[in-house]
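> Handing you a structure now.
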Amino acid sequence: MSFSTAFAHPEAPHDRDRATLSNYRAVRTTHVELVWAIDWERKLIGGTATLDLTATQDINEVVLDTSFLDIRAVTVGGEQADYVKDERIGAMGEALHVKLAKPAKCGEKLQISVDYSTTEQCTAVGWLEPVQTKSGKYPYLYSQSQAIHGRSLFPCQDTPAIKATYASRVTSTLPVLMSGLRQSPPPSAPLELGKEVEYTYDQPVAIPSYLVAIASGEVAYRPFQDLEGRNWRTGVWAEPGQMDEAYWEFEEDTAKQVAAAEDLTSDYRFGVYDFLILPKSFPYGGMENCCLTFATPTLLAHDRSLVDVIAHEISHSWFGNSIGCASWSHFWLNEGWTTYLERLVMRKLEGEKARQLSFIIGRTLLRGSLAENKDKPRFQRMLPDYEEHEDPDEGYSQVPYEKGANFLLYLERLVGGVNVFVPYMKSYVQTFTDSAITTDQWRAHLFDYFGGLENGKEILKKLSKVDWDAWLHGSGPDLAVDVDYDDALARPPLNLAARWTESRAAHDLTPFSPRDIADFSSTQLCVFLDKLDDVVFEPRVVRALDDVYKVGKSGNAEVRLRFYKVALKAGSEYADVAAEWVTDKGRMKFNRPIYRLLVKQAPDLARSTFEAHKAFYHPIARKMIAKDLGVDA
């Protein structure tokens, strides 16, 4: 099912998804069959999408979301059907109205098949030239459909409220990967580059449209070692020239992370947890496509320091992929819960102090996002009020991740700690798996669960005193209620940052040496640089910082990002090297902050750099960077 009737409440305005043109409340998709062919020369994906639907009201038509699709024909129950495509409404695309020959009664099942092709304006798919890949020999494509770009890949009810199973058959001259269980050929089959092959997939778990994902190119597979007693497998896909470093980076941790998340929640239900290391233009750290996480190559730090991103995507298997949000206003139910579980996985594998350090770093990211949205307070809220037909990408920030995770940490402590909260989390998963829910449903279950415990009255008294409005609807520069963290691991880098801040007026900076950070983890080094970002230093101090610690040459992208943020606030001295660095960083976490700072220090350089390299960026990133710079995408 998609909607959950459990703990249902009267509807609030933000419960309806305002970013879909479909009549999803009158009819629901239950299964999708995709038959595609990839046209590498024309950079198109074409074929048929067949949707099985069930009417939930009496209807005369089915309205689907489309965006920049070339619709050739539509059938209903195998018979040609009349259809109309509306005028485009911005990012919402064009509503496709499929007329029914006779009205469908509530409960009646329908099958609609659409013969179509994507177009060159498709916003879901990034097409890469061979020169943009590791070997330089073959082209590459990958999709990124969250939040509302699935409609430019296939006609659908493009809303997180609707979950459907899917199956696919894709013909291509390069290997095809999708977010399902591969049926043929097997992952271990030899690469057949240049030969036309049909790749078949099945996704038996109902998922929202934004999780239907595809990638194709010169990719190979290597499995990780199975864990005894677990009913799933893990492995990595990558370009052959990148396989060894990708395998080394993640083979030690991935299966352990899946097992830890499973122990904290419920059985992992997707059968396979693989991930694909994508080329550099991928706009996110990771995308939780079921069975096949898409991941940025910036995670290849060669020290296993960034594996927690994979723990985050694994955690989405329960929050987002199994329990979803009923509209994008409730996105924190996906990302806040996922971030909270990611850090519980970290606690299980690395200890409580590591979890606390992650919360400290996250709090810094949250404050940055809140500051960026100071003129848009609705995007500072955990429950943002999107306008009718507003693109959810406009509100994307760290707010649902970090406000959400901190709220859950606050509640964890309020009810009695981790050992009390984890059993509740398991009940939450059991209650709402396979559903799309609202915040009111989540809160009603929270009170119901704790009210049923032996000491339930005492806990309910505490919950009743929570300032729910401030947490869910409050804006401002920080959390509604301060949350303290154990700073044992943060104190050394924070103390070092204080020394640099106190010495910034001094001419003699020789007391600082590489020994200062010799025992720091990469995470602690990030804490150090984050703290320096609170101050504007003179250029000479930034040069000294780089000379002593070599942070401007770090192979860890998280470290380089933070150093360039400090350096670019000081002036334009590092503008050229920062601009060069960002030309192959597709991840928006890295490129958008750098371009924002570059346009302040060296506006001509920022705009000319983007103009020269904008074809490299995925359409989603290209649009957002262009907006930051005030230029056309």
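Labeling convention for the structure tokens: chains A, B, ... as they appear, residues from 1 per chain, ligands from 1 in order of appearance.
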Just asking: which residues within stretch 207-420 of chain A are strand (DSSP E) according to DSSP, as a ChimeraX atom specification?

/A:207,214-216,220-223,233-238,272-277,286-287,292-295,323-325

> With only C-alpha atoms counted and 10 Å as the cut-off, give the residues of stretch 580-627 of chain A in contact with stretch 386-409 of chain A, each with its shortest interatomic distance in Å and the pair that gives it, as a Markdown table.


```
| residue | atom | partner | partner_atom | distance |
| --- | --- | --- | --- | --- |
| A:Lys589 | CA | A:Ser397 | CA | 9.7 |
| A:Ile620 | CA | A:Asp393 | CA | 8.5 |
| A:Met624 | CA | A:Glu394 | CA | 8.5 |
```

> Please produce an output containing N, CA and C atoms for each residue in the selection, written as a PDB file, in the first residue's frame.


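So the final result, stored in part_22.pdb, reads:
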```
ATOM      1  N   LYS A 589      27.190  19.530  -2.700  1.00  0.00           N
ATOM      2  CA  LYS A 589      27.740  19.881  -1.397  1.00  0.00           C
ATOM      3  C   LYS A 589      29.066  20.609  -1.558  1.00  0.00           C
ATOM      4  N   ILE A 620      20.385  18.914 -12.632  1.00  0.00           N
ATOM      5  CA  ILE A 620      19.918  19.442 -11.338  1.00  0.00           C
ATOM      6  C   ILE A 620      20.950  20.411 -10.772  1.00  0.00           C
ATOM      7  N   MET A 624      20.909  24.709 -10.227  1.00  0.00           N
ATOM      8  CA  MET A 624      21.080  25.351  -8.925  1.00  0.00           C
ATOM      9  C   MET A 624      22.316  26.252  -8.900  1.00  0.00           C
TER      10      MET A 624
END
```

> Considering only C-alpha atoms, return as a list in words whatever protein or nucleic-acid residues lie within 10 Å of A:Gln601, sequence-local ones (same chain, fewer than 5 positions apart) excluded.

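In the requested form, the answer reads Leu568, Lys569, Ala570, Gly571, Ser572, Glu573, Tyr574, Ala575, Tyr595, Arg596 and Ala606 of chain A.
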
> If you run DSSP on this backbone, which residues of stretch 293-401 of chain A come out as alpha helix (DSSP H), and could you give them as a ChimeraX atom specification?

/A:308-315,332-350,352-372

> Determine the nearest neighbour of A:Val35 from the options A:Arg378, A:Lys85, A:Arg169, A:His14, counting only C-alpha atoms.

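Going through A:Arg378, A:Lys85, A:Arg169, A:His14 one by one, the smallest distance to A:Val35 is for A:Arg169.
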
> What's around A:Ile361 at 8 Å? Count only C-alpha atoms, leave out sequence neighbours fewer than 4 positions away in its own chain, and write the answer as number ranges by chain.

A: 357, 365, 526-527

> With N, CA, C and O atoms retained, export the selected residues as a CSV table (one decimal), in the first residue's frame.


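Contents of out09.csv, freshly written:
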```csv
chain,number,residue,atom,x,y,z
A,357,LEU,N,30.4,13.1,17.8
A,357,LEU,CA,31.2,14.0,16.9
A,357,LEU,C,30.4,14.2,15.6
A,357,LEU,O,30.5,15.3,15.1
A,365,LEU,N,26.7,22.2,9.9
A,365,LEU,CA,26.1,22.2,8.6
A,365,LEU,C,24.7,22.8,8.7
A,365,LEU,O,24.3,23.5,7.8
A,526,CYS,N,38.1,18.1,9.9
A,526,CYS,CA,36.9,18.8,9.5
A,526,CYS,C,36.4,19.7,10.6
A,526,CYS,O,35.9,20.9,10.3
A,527,VAL,N,36.3,19.2,11.8
A,527,VAL,CA,35.8,20.0,12.9
A,527,VAL,C,36.7,21.2,13.1
A,527,VAL,O,36.2,22.4,13.3
```

> Within 9 Å of A:Ser322, counting only C-alpha atoms, which residues qualify if same-chain residues fewer than 6 places away don't, as a JSON list (two decimals) with C-alpha atoms, in the first residue's frame?


```json
[["chain", "number", "residue", "atom", "x", "y", "z"],
["A", 205, "VAL", "CA", 9.15, -4.10, -3.13],
["A", 206, "ALA", "CA", 6.84, -1.17, -3.79],
["A", 207, "ILE", "CA", 8.83, 2.07, -4.10],
["A", 316, "HIS", "CA", 17.39, 4.80, 3.82],
["A", 429, "VAL", "CA", 9.25, 0.51, 11.36],
["A", 432, "PHE", "CA", 4.51, 1.89, 8.84],
["A", 433, "THR", "CA", 6.69, -0.16, 6.47],
["A", 434, "ASP", "CA", 5.34, 0.04, 2.89],
["A", 435, "SER", "CA", 3.52, 3.27, 3.71],
["A", 436, "ALA", "CA", 3.78, 6.98, 2.99]]
```

> List the spatial neighbours of A:Ala255 as a ChimeraX atom specification - criterion: any atom at most 8 Å away, only C-alpha atoms, same-chain residues fewer than 6 positions off excluded.

/A:224-227,233-234

> In Å to one decimal, how far is atom CA of A:Pro384 from atom CA of A:Leu370?

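Value for the atom CA of A:Leu370-atom CA of A:Pro384 distance: 12.7 Å.
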
> What's around A:Ser209 at 8 Å? Count only C-alpha atoms, leave out sequence neighbours fewer than 4 positions away in its own chain, and write the answer as number ranges by chain.

A: 145, 150, 156-160, 162-164

> Using only C-alpha atoms, which of the listed residues (A:Val32, A:Ile112, A:Leu69, A:Ile594) sits closest to A:Val212?

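Selected residue with least distance to A:Val212: A:Val32.
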
> Tell me which of A:Thr173, A:Ser305, A:Thr298, A:Gln380 sits closest to A:Phe590, counting only C-alpha atoms.

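Distance minimum relative to A:Phe590 lands on A:Thr298.
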
> So, counting only C-alpha atoms, which residue among A:Tyr24, A:Trp248, A:Tyr138, A:Tyr485 is closest to A:Arg363?

A:Tyr485
